[in-house]
$ cat run28.cif   # mmCIF, C-alpha atoms and all ligand atoms
data_final
loop_
_atom_site.label_atom_id
_atom_site.label_comp_id
_atom_site.auth_asym_id
_atom_site.auth_seq_id
_atom_site.Cartn_x
_atom_site.Cartn_y
_atom_site.Cartn_z
CA MET A 2 136.90 96.37 119.41
CA ASN A 3 134.58 94.81 116.92
CA ILE A 4 131.01 93.57 117.12
CA ILE A 5 131.66 90.17 115.57
CA ASP A 6 134.20 89.33 118.30
CA ILE A 7 131.69 90.46 120.94
CA ILE A 8 128.89 88.32 119.51
CA THR A 9 131.25 85.35 119.21
CA LYS A 10 132.46 85.78 122.80
CA LYS A 11 128.88 85.70 124.08
CA ARG A 12 128.06 82.74 121.87
CA LEU A 13 130.99 80.91 123.53
CA ASN A 14 129.46 81.87 126.91
CA GLU A 15 132.33 84.10 127.98
CA GLU A 16 131.77 87.16 130.19
CA LEU A 17 131.64 90.50 128.38
CA SER A 18 133.37 93.52 129.90
CA LYS A 19 131.46 96.75 130.49
CA GLU A 20 133.38 98.33 127.59
CA GLU A 21 132.28 95.54 125.25
CA LEU A 22 128.65 95.80 126.37
CA ASP A 23 128.79 99.55 125.94
CA TYR A 24 130.37 99.24 122.49
CA ALA A 25 127.57 96.92 121.33
CA PHE A 26 124.53 98.47 123.02
CA SER A 27 125.38 102.18 122.90
CA GLY A 28 126.65 101.53 119.36
CA TYR A 29 123.25 100.11 118.43
CA LEU A 30 121.51 103.22 119.73
CA LYS A 31 123.82 105.33 117.55
CA ASN A 32 123.07 103.11 114.54
CA ASN A 33 126.69 101.91 114.38
CA ILE A 34 125.57 98.35 115.04
CA LYS A 35 123.05 96.79 112.68
CA ASP A 36 119.71 95.19 113.61
CA TYR A 37 121.00 91.76 112.54
CA GLN A 38 124.13 92.06 114.69
CA MET A 39 122.20 93.14 117.77
CA SER A 40 119.66 90.37 117.12
CA ALA A 41 122.48 87.82 117.12
CA LEU A 42 123.92 89.21 120.35
CA LEU A 43 120.49 89.22 122.04
CA MET A 44 119.95 85.63 120.97
CA ALA A 45 123.35 84.61 122.39
CA ILE A 46 122.42 86.37 125.67
CA CYS A 47 119.04 84.66 125.63
CA ILE A 48 120.67 81.26 125.28
CA ASN A 49 123.75 81.68 127.50
CA GLY A 50 122.49 84.21 130.07
CA MET A 51 124.60 86.89 131.74
CA THR A 52 126.67 87.06 134.89
CA ASP A 53 125.53 89.39 137.71
CA GLN A 54 128.38 91.74 136.82
CA GLU A 55 127.23 91.90 133.19
CA ILE A 56 123.63 92.59 134.28
CA PHE A 57 124.62 95.41 136.67
CA ASP A 58 126.88 96.89 133.97
CA LEU A 59 124.12 96.72 131.37
CA VAL A 60 121.59 98.36 133.71
CA ASP A 61 124.03 101.23 134.18
CA ILE A 62 124.55 101.54 130.40
CA PHE A 63 120.77 101.57 129.83
CA ILE A 64 120.15 104.20 132.52
CA LYS A 65 122.96 106.42 131.20
CA SER A 66 121.68 106.15 127.63
CA GLY A 67 119.27 108.96 128.52
CA ASP A 68 118.07 111.24 131.29
CA CYS A 69 116.71 110.36 134.71
CA LEU A 70 113.48 111.95 135.86
CA ASP A 71 113.77 114.18 138.88
CA LEU A 72 110.55 113.86 140.86
CA SER A 73 111.87 115.66 143.95
CA SER A 74 109.52 118.60 143.37
CA LEU A 75 106.62 116.28 144.20
CA GLU A 76 105.82 115.94 147.88
CA GLY A 77 105.26 112.48 149.32
CA ILE A 78 106.23 108.97 148.38
CA LYS A 79 106.26 108.04 144.72
CA VAL A 80 105.56 104.39 143.97
CA ASP A 81 105.82 102.80 140.54
CA LYS A 82 104.44 99.45 139.43
CA HIS A 83 105.46 97.21 136.58
CA SER A 84 104.39 93.83 135.32
CA THR A 85 106.58 91.46 133.36
CA GLY A 86 103.54 91.03 131.13
CA GLY A 87 100.78 88.53 130.77
CA ILE A 88 97.76 87.71 128.66
CA GLY A 89 94.88 89.99 129.66
CA ASP A 90 96.96 91.86 132.22
CA LYS A 91 95.30 95.26 132.59
CA ILE A 92 96.10 95.64 136.28
CA THR A 93 97.92 98.98 135.94
CA LEU A 94 94.71 100.56 134.69
CA ILE A 95 92.97 99.39 137.85
CA ILE A 96 95.52 99.82 140.59
CA GLY A 97 97.07 103.09 139.39
CA PRO A 98 93.77 104.93 140.05
CA ILE A 99 93.11 103.03 143.30
CA VAL A 100 96.50 103.89 144.80
CA ALA A 101 96.43 107.48 143.51
CA SER A 102 92.94 107.97 145.01
CA LEU A 103 94.52 107.22 148.41
CA GLY A 104 96.97 110.10 148.13
CA VAL A 105 100.00 108.19 146.87
CA ILE A 106 101.78 109.43 143.76
CA VAL A 107 102.01 106.84 140.98
CA PRO A 108 104.40 107.85 138.17
CA LYS A 109 104.04 105.16 135.54
CA MET A 110 106.36 104.73 132.62
CA SER A 111 104.87 101.99 130.48
CA GLY A 112 105.72 99.96 127.44
CA ARG A 113 103.98 98.55 124.42
CA GLY A 114 103.09 94.91 123.95
CA LEU A 115 105.97 92.46 124.10
CA GLY A 116 105.73 88.97 122.59
CA TYR A 117 102.16 87.80 122.94
CA THR A 118 101.56 89.90 126.03
CA GLY A 119 99.83 93.25 125.68
CA GLY A 120 101.26 96.58 126.85
CA THR A 121 99.60 99.34 128.85
CA ILE A 122 100.53 101.99 126.29
CA ASP A 123 98.79 100.12 123.46
CA LYS A 124 95.73 99.67 125.65
CA LEU A 125 95.57 103.35 126.55
CA GLU A 126 96.06 104.37 122.92
CA SER A 127 92.83 102.54 122.15
CA ILE A 128 91.02 105.40 123.89
CA PRO A 129 90.44 108.02 121.18
CA GLY A 130 92.50 111.14 121.85
CA PHE A 131 94.59 109.63 124.66
CA LYS A 132 98.09 111.09 124.61
CA VAL A 133 100.81 108.64 125.65
CA ASN A 134 103.89 110.73 124.89
CA LEU A 135 104.10 113.23 127.72
CA THR A 136 106.98 115.63 128.10
CA GLU A 137 108.73 115.59 131.45
CA GLU A 138 106.95 118.82 132.43
CA GLU A 139 103.54 117.43 131.45
CA PHE A 140 104.19 114.20 133.35
CA ILE A 141 105.20 116.01 136.54
CA GLN A 142 102.32 118.48 136.29
CA GLU A 143 99.83 115.64 135.94
CA LEU A 144 101.32 113.88 138.95
CA LYS A 145 100.81 117.11 140.92
CA ASP A 146 97.23 117.50 139.71
CA VAL A 147 95.99 113.89 139.49
CA SER A 148 98.64 111.83 141.40
CA PHE A 149 98.62 109.28 138.54
CA ALA A 150 100.13 109.65 135.08
CA VAL A 151 101.16 107.16 132.42
CA THR A 152 103.63 107.94 129.70
CA SER A 153 105.48 105.88 127.15
CA GLN A 154 109.21 106.15 127.34
CA THR A 155 110.05 109.60 126.14
CA SER A 156 112.90 109.54 123.65
CA ASN A 157 115.36 110.76 126.27
CA LEU A 158 114.43 108.32 129.07
CA CYS A 159 116.18 104.97 128.74
CA PRO A 160 116.15 105.26 124.93
CA LEU A 161 118.29 102.14 124.77
CA ASP A 162 115.54 100.08 126.36
CA LYS A 163 113.05 101.45 123.88
CA VAL A 164 115.01 100.23 120.84
CA ILE A 165 116.13 96.94 122.37
CA TYR A 166 112.59 96.18 123.60
CA ALA A 167 111.20 96.65 120.09
CA LEU A 168 113.90 94.42 118.60
CA ARG A 169 113.43 91.68 121.23
CA ASP A 170 109.73 91.68 120.51
CA VAL A 171 110.27 90.49 116.95
CA THR A 172 113.36 88.29 117.30
CA GLY A 173 112.21 85.67 119.81
CA THR A 174 114.42 87.14 122.54
CA THR A 175 111.83 88.32 125.03
CA GLU A 176 112.15 85.40 127.42
CA SER A 177 115.53 86.16 128.98
CA ILE A 178 115.91 86.83 132.70
CA PRO A 179 118.93 89.20 132.33
CA LEU A 180 117.25 91.14 129.52
CA ILE A 181 113.93 91.43 131.38
CA ALA A 182 115.68 92.53 134.59
CA THR A 183 117.76 95.10 132.72
CA SER A 184 114.83 96.44 130.75
CA ILE A 185 112.50 96.84 133.70
CA MET A 186 114.90 98.02 136.37
CA SER A 187 116.71 100.57 134.17
CA LYS A 188 113.36 102.14 133.23
CA LYS A 189 112.10 102.12 136.79
CA ILE A 190 115.26 103.67 138.18
CA ALA A 191 115.42 106.34 135.48
CA GLY A 192 111.70 106.96 136.13
CA GLY A 193 112.53 108.39 139.55
CA ALA A 194 110.07 106.61 141.89
CA ASP A 195 111.14 105.94 145.51
CA LYS A 196 109.53 102.51 145.67
CA ILE A 197 108.90 99.93 142.99
CA LEU A 198 106.43 97.04 142.89
CA ILE A 199 107.10 94.41 140.26
CA ASP A 200 104.44 91.87 139.38
CA ILE A 201 106.38 88.87 138.04
CA LYS A 202 103.91 86.93 135.98
CA CYS A 203 104.69 83.24 135.95
CA GLY A 204 103.15 80.50 133.84
CA GLU A 205 102.25 79.47 130.33
CA GLY A 206 100.95 82.89 129.31
CA ALA A 207 103.93 84.83 130.68
CA LEU A 208 107.51 85.49 129.61
CA ILE A 209 108.61 83.53 132.69
CA LYS A 210 107.29 79.98 132.56
CA ASN A 211 108.33 78.44 135.88
CA ASN A 212 108.69 79.32 139.53
CA GLU A 213 112.44 78.74 139.63
CA ASP A 214 113.04 81.36 136.91
CA ALA A 215 110.54 83.73 138.56
CA LEU A 216 112.51 83.53 141.81
CA LYS A 217 115.79 84.15 139.96
CA LEU A 218 114.27 87.24 138.33
CA LYS A 219 112.89 88.41 141.69
CA ASP A 220 116.31 88.04 143.31
CA ILE A 221 118.22 89.98 140.65
CA MET A 222 115.62 92.76 140.39
CA GLU A 223 115.49 93.26 144.16
CA ARG A 224 119.30 93.42 144.27
CA ILE A 225 119.39 95.98 141.44
CA GLY A 226 116.72 98.06 143.26
CA ASN A 227 118.66 97.96 146.53
CA PHE A 228 121.88 98.94 144.76
CA TYR A 229 120.13 102.10 143.48
CA ASN A 230 118.47 102.71 146.87
CA ARG A 231 114.93 102.03 145.68
CA GLU A 232 112.84 99.71 147.79
CA THR A 233 111.78 97.00 145.33
CA ILE A 234 109.07 94.47 146.10
CA CYS A 235 108.54 91.61 143.66
CA GLU A 236 105.38 89.52 143.80
CA VAL A 237 105.25 86.32 141.75
CA THR A 238 101.69 85.80 140.43
CA ASP A 239 100.03 83.12 138.34
CA MET A 240 99.71 83.49 134.56
CA ASN A 241 98.71 80.01 133.45
CA ILE A 242 95.25 81.15 132.45
CA PRO A 243 94.42 84.59 131.05
CA LEU A 244 93.84 87.33 133.59
CA GLY A 245 90.21 88.40 133.47
CA SER A 246 87.84 87.82 130.58
CA ASN A 247 88.93 90.38 128.00
CA ILE A 248 92.05 90.18 125.85
CA GLY A 249 92.99 92.89 123.38
CA ASN A 250 93.25 96.63 123.79
CA ALA A 251 89.98 98.64 123.91
CA ILE A 252 88.29 95.53 125.21
CA GLU A 253 90.73 95.35 128.15
CA VAL A 254 90.17 99.00 129.03
CA MET A 255 86.47 98.14 129.19
CA GLU A 256 87.13 95.33 131.63
CA ALA A 257 89.31 97.56 133.80
CA ILE A 258 86.37 99.97 134.05
CA GLU A 259 84.05 97.09 134.99
CA VAL A 260 86.39 96.16 137.86
CA LEU A 261 86.54 99.79 138.99
CA LYS A 262 82.74 99.75 138.91
CA GLY A 263 82.65 96.75 141.25
CA LYS A 264 82.85 93.58 139.13
CA LYS A 265 84.26 90.74 141.25
CA SER A 266 86.70 88.25 139.74
CA ARG A 267 90.21 86.82 140.08
CA LEU A 268 91.36 90.03 138.37
CA THR A 269 89.67 92.08 141.11
CA ASP A 270 91.30 89.99 143.86
CA LEU A 271 94.76 90.33 142.35
CA SER A 272 94.27 94.06 141.83
CA ILE A 273 93.35 94.43 145.51
CA GLN A 274 96.40 92.38 146.54
CA LEU A 275 98.88 94.42 144.48
CA ALA A 276 97.30 97.80 145.26
CA SER A 277 97.44 96.92 148.97
CA GLU A 278 101.18 96.17 148.71
CA MET A 279 101.76 99.55 147.06
CA VAL A 280 99.72 101.40 149.69
CA LYS A 281 101.41 99.49 152.52
CA VAL A 282 104.95 100.44 151.48
CA SER A 283 104.01 103.99 150.58
CA LEU A 284 102.02 104.93 153.67
CA ASN A 285 104.02 102.69 155.99
CA ILE A 286 100.95 100.92 157.35
CA SER A 287 100.07 97.26 157.81
CA LEU A 288 98.88 95.16 154.88
CA GLU A 289 95.48 94.78 156.57
CA GLU A 290 95.04 98.56 156.94
CA ALA A 291 96.16 99.06 153.36
CA LYS A 292 93.66 96.47 152.12
CA THR A 293 90.80 98.18 153.96
CA LYS A 294 91.70 101.47 152.30
CA VAL A 295 91.95 99.83 148.85
CA ILE A 296 88.56 98.12 149.14
CA ASN A 297 87.03 101.36 150.36
CA SER A 298 88.45 103.24 147.35
CA LEU A 299 86.87 100.67 145.02
CA GLU A 300 83.52 100.49 146.79
CA SER A 301 83.12 104.23 147.22
CA GLY A 302 83.80 104.92 143.53
CA MET A 303 86.91 107.01 144.35
CA ALA A 304 89.11 104.80 142.15
CA LEU A 305 86.69 104.97 139.22
CA GLU A 306 86.51 108.74 139.51
CA LYS A 307 90.33 108.90 139.57
CA PHE A 308 90.48 106.74 136.43
CA TYR A 309 88.13 109.09 134.55
CA GLN A 310 90.06 112.13 135.77
CA PHE A 311 93.33 110.60 134.56
CA VAL A 312 91.95 109.64 131.14
CA LYS A 313 90.45 113.09 130.59
CA TYR A 314 93.65 114.81 131.73
CA GLN A 315 95.61 112.95 129.03
CA GLY A 316 93.08 113.89 126.37
CA GLY A 317 91.20 110.59 126.22
CA LYS A 318 87.54 110.50 125.26
CA ILE A 319 86.35 107.45 127.12
CA GLU A 320 82.83 107.73 125.72
CA LYS A 321 84.31 107.06 122.27
CA LEU A 322 86.02 103.79 123.26
CA LYS A 323 84.75 101.02 121.05
CA VAL A 324 85.38 97.47 119.91
CA SER A 325 85.00 96.02 116.44
CA GLU A 326 81.49 95.32 115.20
CA PHE A 327 82.62 92.02 113.60
CA LYS A 328 81.89 89.39 116.20
CA GLN A 329 82.16 85.62 116.01
CA GLU A 330 81.04 83.38 118.84
CA ILE A 331 82.97 80.13 119.34
CA LYS A 332 80.63 77.44 120.60
CA SER A 333 81.44 74.39 122.65
CA GLU A 334 81.34 71.05 120.84
CA LYS A 335 81.50 69.18 124.14
CA ALA A 336 79.64 69.12 127.43
CA GLY A 337 81.57 69.13 130.70
CA VAL A 338 83.60 71.29 133.05
CA ILE A 339 86.26 73.71 131.83
CA THR A 340 89.54 72.60 133.36
CA ASN A 341 91.98 74.90 131.54
CA ILE A 342 92.15 77.94 129.28
CA LYS A 343 95.48 77.98 127.46
CA ALA A 344 96.77 81.49 128.01
CA LEU A 345 99.58 81.39 125.47
CA ASN A 346 97.33 80.21 122.64
CA ILE A 347 94.71 82.79 123.55
CA GLY A 348 97.48 85.42 123.42
CA LYS A 349 98.61 84.18 120.00
CA LEU A 350 95.03 84.21 118.76
CA SER A 351 94.55 87.77 119.97
CA CYS A 352 97.78 88.78 118.17
CA SER A 353 96.64 87.08 114.98
CA LEU A 354 93.39 89.04 115.13
CA GLY A 355 95.55 92.20 115.06
CA ALA A 356 95.75 93.12 118.76
CA GLY A 357 99.57 92.67 118.89
CA ARG A 358 102.61 92.97 116.66
CA ILE A 359 104.42 90.31 114.65
CA ASN A 360 106.82 92.78 112.95
CA LYS A 361 108.33 95.93 114.47
CA GLU A 362 106.47 98.17 112.04
CA ASP A 363 103.06 96.51 112.51
CA THR A 364 100.20 98.72 113.60
CA ILE A 365 97.72 97.46 116.11
CA ASP A 366 93.99 97.24 115.53
CA TYR A 367 92.68 98.57 118.84
CA GLY A 368 89.14 97.29 118.38
CA VAL A 369 89.90 93.59 117.95
CA GLY A 370 90.28 91.03 120.71
CA ILE A 371 88.64 88.21 122.58
CA ILE A 372 86.09 87.92 125.37
CA LEU A 373 86.20 84.70 127.34
CA ASN A 374 82.55 83.98 128.06
CA LYS A 375 83.40 80.95 130.18
CA GLN A 376 86.05 80.58 132.84
CA VAL A 377 87.85 77.63 134.44
CA GLY A 378 85.41 75.71 136.64
CA ASP A 379 82.31 76.63 134.60
CA VAL A 380 80.04 73.85 133.42
CA VAL A 381 79.22 73.96 129.70
CA ASN A 382 76.79 72.26 127.34
CA ILE A 383 77.20 71.63 123.62
CA GLY A 384 76.45 74.88 121.78
CA ASP A 385 77.28 77.23 124.69
CA THR A 386 79.48 80.16 123.72
CA LEU A 387 82.97 79.63 125.10
CA PHE A 388 84.54 82.81 123.77
CA THR A 389 83.82 85.61 121.34
CA LEU A 390 86.21 86.97 118.73
CA TYR A 391 86.14 90.65 117.78
CA LYS A 392 87.66 90.71 114.29
CA LYS A 393 88.90 93.17 111.67
CA ASN A 394 86.29 91.98 109.17
CA SER A 395 83.40 89.56 108.76
CA ASN A 396 85.52 86.66 107.42
CA ASN A 397 84.77 83.47 109.31
CA ILE A 398 87.66 82.04 111.37
CA THR A 399 87.92 78.27 111.84
CA LEU A 400 89.51 77.17 115.09
CA ASN A 401 90.39 73.93 116.81
CA ILE A 402 88.72 74.63 120.17
CA SER A 403 90.87 72.14 122.08
CA GLU A 404 93.87 74.39 121.42
CA TYR A 405 92.23 77.01 123.64
CA TYR A 406 89.88 75.33 126.10
CA GLU A 407 90.17 72.01 127.91
CA ILE A 408 86.77 70.56 128.76
CA ASN A 409 86.45 67.31 130.71
N1 LIG B 501 108.49 94.55 130.62
C1 LIG B 501 109.53 95.33 130.28
O1 LIG B 501 109.50 96.53 130.42
N2 LIG B 501 110.62 94.73 129.77
C2 LIG B 501 110.69 93.41 129.61
O2 LIG B 501 111.71 92.95 129.17
C3 LIG B 501 109.60 92.61 129.97
C4 LIG B 501 108.49 93.20 130.46
#
$ encode --input "run28.cif" --output "structure tokens"
Amino acid sequence: MNIIDIITKKRLNEELSKEELDYAFSGYLKNNIKDYQMSALLMAICINGMTDQEIFDLVDIFIKSGDCLDLSSLEGIKVDKHSTGGIGDKITLIIGPIVASLGVIVPKMSGRGLGYTGGTIDKLESIPGFKVNLTEEEFIQELKDVSFAVTSQTSNLCPLDKVIYALRDVTGTTESIPLIATSIMSKKIAGGADKILIDIKCGEGALIKNNEDALKLKDIMERIGNFYNRETICEVTDMNIPLGSNIGNAIEVMEAIEVLKGKKSRLTDLSIQLASEMVKVSLNISLEEAKTKVINSLESGMALEKFYQFVKYQGGKIEKLKVSEFKQEIKSEKAGVITNIKALNIGKLSCSLGAGRINKEDTIDYGVGIILNKQVGDVVNIGDTLFTLYKKNSNNITLNISEYYEIN
């Protein structure tokens, strides 16, 4: 077998056998296949797609590339949650504590940012001292003690996803239904939870741009979940405008805390919706009952307390969380009503400030980001602040506002 034939076969849109997929992907993990060869194969997959058989085979190869977590020592239902990624999506930081405060175990294996969308691990690392690389023993102990734990993929859990994810991020190959399904479901299955909730973000600021693709992804992920005997619920949610007001890393953790403290917004509503789904499937109760419990956890402060307990347990010093001191307010040059905030461009802007990666080796600046001072539907006058940039330094940034906000 040789890699060039495999790449060529995929480029010609022919089905790859499991042996060929294994040769290429497992070979990449062992450094037998070069970055440029895997990049070419990923691009061919991105363009030509994969058959169901190829996807199921690749999921199996990804899972077997490392260990599977055994969570059977934990009593009760374990429910995991994953988002396909969106601009300003900090929902895990909100619903993990809510659901855990209601007695459900939430083992969360998270990733770093992908494309222009941020990742939970990067956001948590913005908290000074927060440890994201837990050993299996530490992860399980925290789940016993706190019911909620977040870890990045340890080197022995789906290591293939870890390396492929990083390569996709910098080769324009993030937006592929088969690759997203494989990446998420292999991690979730290896992560050991009984039930899985997937938030499929759909829209301009997401990897999946339209409803048809979102439904295709939902269908394949639910079938993979069923095959491995894990109840998998996929919710398709809107990502045409950024989620919440804060985009970045530390700045998003701050907004998650505001929601846990009672701030009401579209982000709060979506958090309640997704947390209720998780509680419903875990406790086997109606959606209405689950929603009542979720709202009670938020209003009573139980969820906030759980968040602080979780951060402290993983070494984080929340009182030291801070954003950059270099602020620049972007003022409206027009009066009118805001009709759109272009999520993708806001995501790109946040990345260019240093909140995301352009190259694999890039380091993130946790303190930079954007606060959207105005939301869709708000009325603005000339000179009102539309959004605020938190920058690496005091250099002035010139922007064409119409690339970010539509005002009519
Ligand atoms: N999240 C993942 O873990 N993988 C993807 O491919 C996309 C989002």
$ closest_residue --input "run28.cif" --among "A:Asp58, A:Asn397, A:Lys265, A:Ala356" --to "Glu330 in chain A" --atoms "only C-alpha atoms"
A:Asn397
$ residues_near_ligand --input "run28.cif" --ligand "ligand LIG 501 (chain B)" --cutoff "10 Å" --atoms "all atoms listed in the file" --output "NGL selection string"
:A and (83-87 or 110-116 or 118-120 or 162-163 or 165-167 or 169-170 or 174-189 or 199-202 or 207-209)
$ residues_around --input "run28.cif" --residues "Tyr391 in chain A" --least-positions-apart "6" --cutoff "12 Å" --atoms "only C-alpha atoms" --output "JSON, numbers by chain"
{"A": [247, 248, 249, 250, 251, 252, 323, 324, 325, 326, 327, 328, 329, 330, 331, 350, 351, 352, 353, 354, 355, 356, 366, 367, 368, 369, 370, 371, 372, 373, 397, 398]}
$ residues_around --input "run28.cif" --residues "range 10-17 of chain A" --least-positions-apart "6" --cutoff "9 Å" --atoms "only C-alpha atoms" --output "MDAnalysis selection string"
chainID A and resid 41:42 44:46 48:52 54:55
$ write_last_selection --input "run28.cif" --atoms "C-alpha atoms" --output "PDB file, in the frame of the given file"
ATOM      1  CA  ALA A  41     122.480  87.820 117.120  1.00  0.00           C
ATOM      2  CA  LEU A  42     123.920  89.210 120.350  1.00  0.00           C
ATOM      3  CA  MET A  44     119.950  85.630 120.970  1.00  0.00           C
ATOM      4  CA  ALA A  45     123.350  84.610 122.390  1.00  0.00           C
ATOM      5  CA  ILE A  46     122.420  86.370 125.670  1.00  0.00           C
ATOM      6  CA  ILE A  48     120.670  81.260 125.280  1.00  0.00           C
ATOM      7  CA  ASN A  49     123.750  81.680 127.500  1.00  0.00           C
ATOM      8  CA  GLY A  50     122.490  84.210 130.070  1.00  0.00           C
ATOM      9  CA  MET A  51     124.600  86.890 131.740  1.00  0.00           C
ATOM     10  CA  THR A  52     126.670  87.060 134.890  1.00  0.00           C
ATOM     11  CA  GLN A  54     128.380  91.740 136.820  1.00  0.00           C
ATOM     12  CA  GLU A  55     127.230  91.900 133.190  1.00  0.00           C
TER      13      GLU A  55
END
$ closest_residue --input "run28.cif" --among "A:Lys31, A:Lys79, A:Lys217, A:Arg358" --to "Val280 in chain A" --atoms "only C-alpha atoms"
A:Lys79
$ closest_residue --input "run28.cif" --among "A:Thr152, A:Asn3, A:Gln274, A:Gln310" --to "Lys294 in chain A" --atoms "only C-alpha atoms"
A:Gln274
$ atom_distance --input "run28.cif" --atom1 "CA of Ile242 in chain A" --atom2 "CA of Gly263 in chain A"
21.9 Å
$ residues_near_point --input "run28.cif" --point "(119.2, 103.4, 143.1)" --cutoff "10 Å" --atoms "all atoms listed in the file" --output "short mmCIF file (atom, residue, chain, number, x, y, z; two decimals) with C-alpha atoms, keeping the file's coordinate frame"
data_model
loop_
_atom_site.label_atom_id
_atom_site.label_comp_id
_atom_site.auth_asym_id
_atom_site.auth_seq_id
_atom_site.Cartn_x
_atom_site.Cartn_y
_atom_site.Cartn_z
CA MET A 186 114.90 98.02 136.37
CA SER A 187 116.71 100.57 134.17
CA LYS A 189 112.10 102.12 136.79
CA ILE A 190 115.26 103.67 138.18
CA ALA A 191 115.42 106.34 135.48
CA GLY A 193 112.53 108.39 139.55
CA ALA A 194 110.07 106.61 141.89
CA ASP A 195 111.14 105.94 145.51
CA ILE A 225 119.39 95.98 141.44
CA GLY A 226 116.72 98.06 143.26
CA ASN A 227 118.66 97.96 146.53
CA PHE A 228 121.88 98.94 144.76
CA TYR A 229 120.13 102.10 143.48
CA ASN A 230 118.47 102.71 146.87
CA ARG A 231 114.93 102.03 145.68
CA GLU A 232 112.84 99.71 147.79
#
$ atom_distance --input "run28.cif" --atom1 "CA of Phe140 in chain A" --atom2 "CA of Phe311 in chain A"
11.5 Å
$ residues_around --input "run28.cif" --residues "Glu139 in chain A" --least-positions-apart "5" --cutoff "12 Å" --atoms "all atoms listed in the file" --output "PyMOL selection string"
chain A and resi 108+132-134+144-147+149-152+155+314-315
$ atom_distance --input "run28.cif" --atom1 "CA of Thr121 in chain A" --atom2 "CA of Leu216 in chain A"
24.2 Å
$ residues_near_point --input "run28.cif" --point "(86.9, 104.0, 135.5)" --cutoff "9 Å" --atoms "all atoms listed in the file" --output "list in words"
Leu94, Ile95, Pro98, Val254, Met255, Ala257, Ile258, Glu259, Val260, Leu261, Lys262, Gly302, Ala304, Leu305, Glu306, Lys307, Phe308, Tyr309, Gln310 and Val312 of chain A
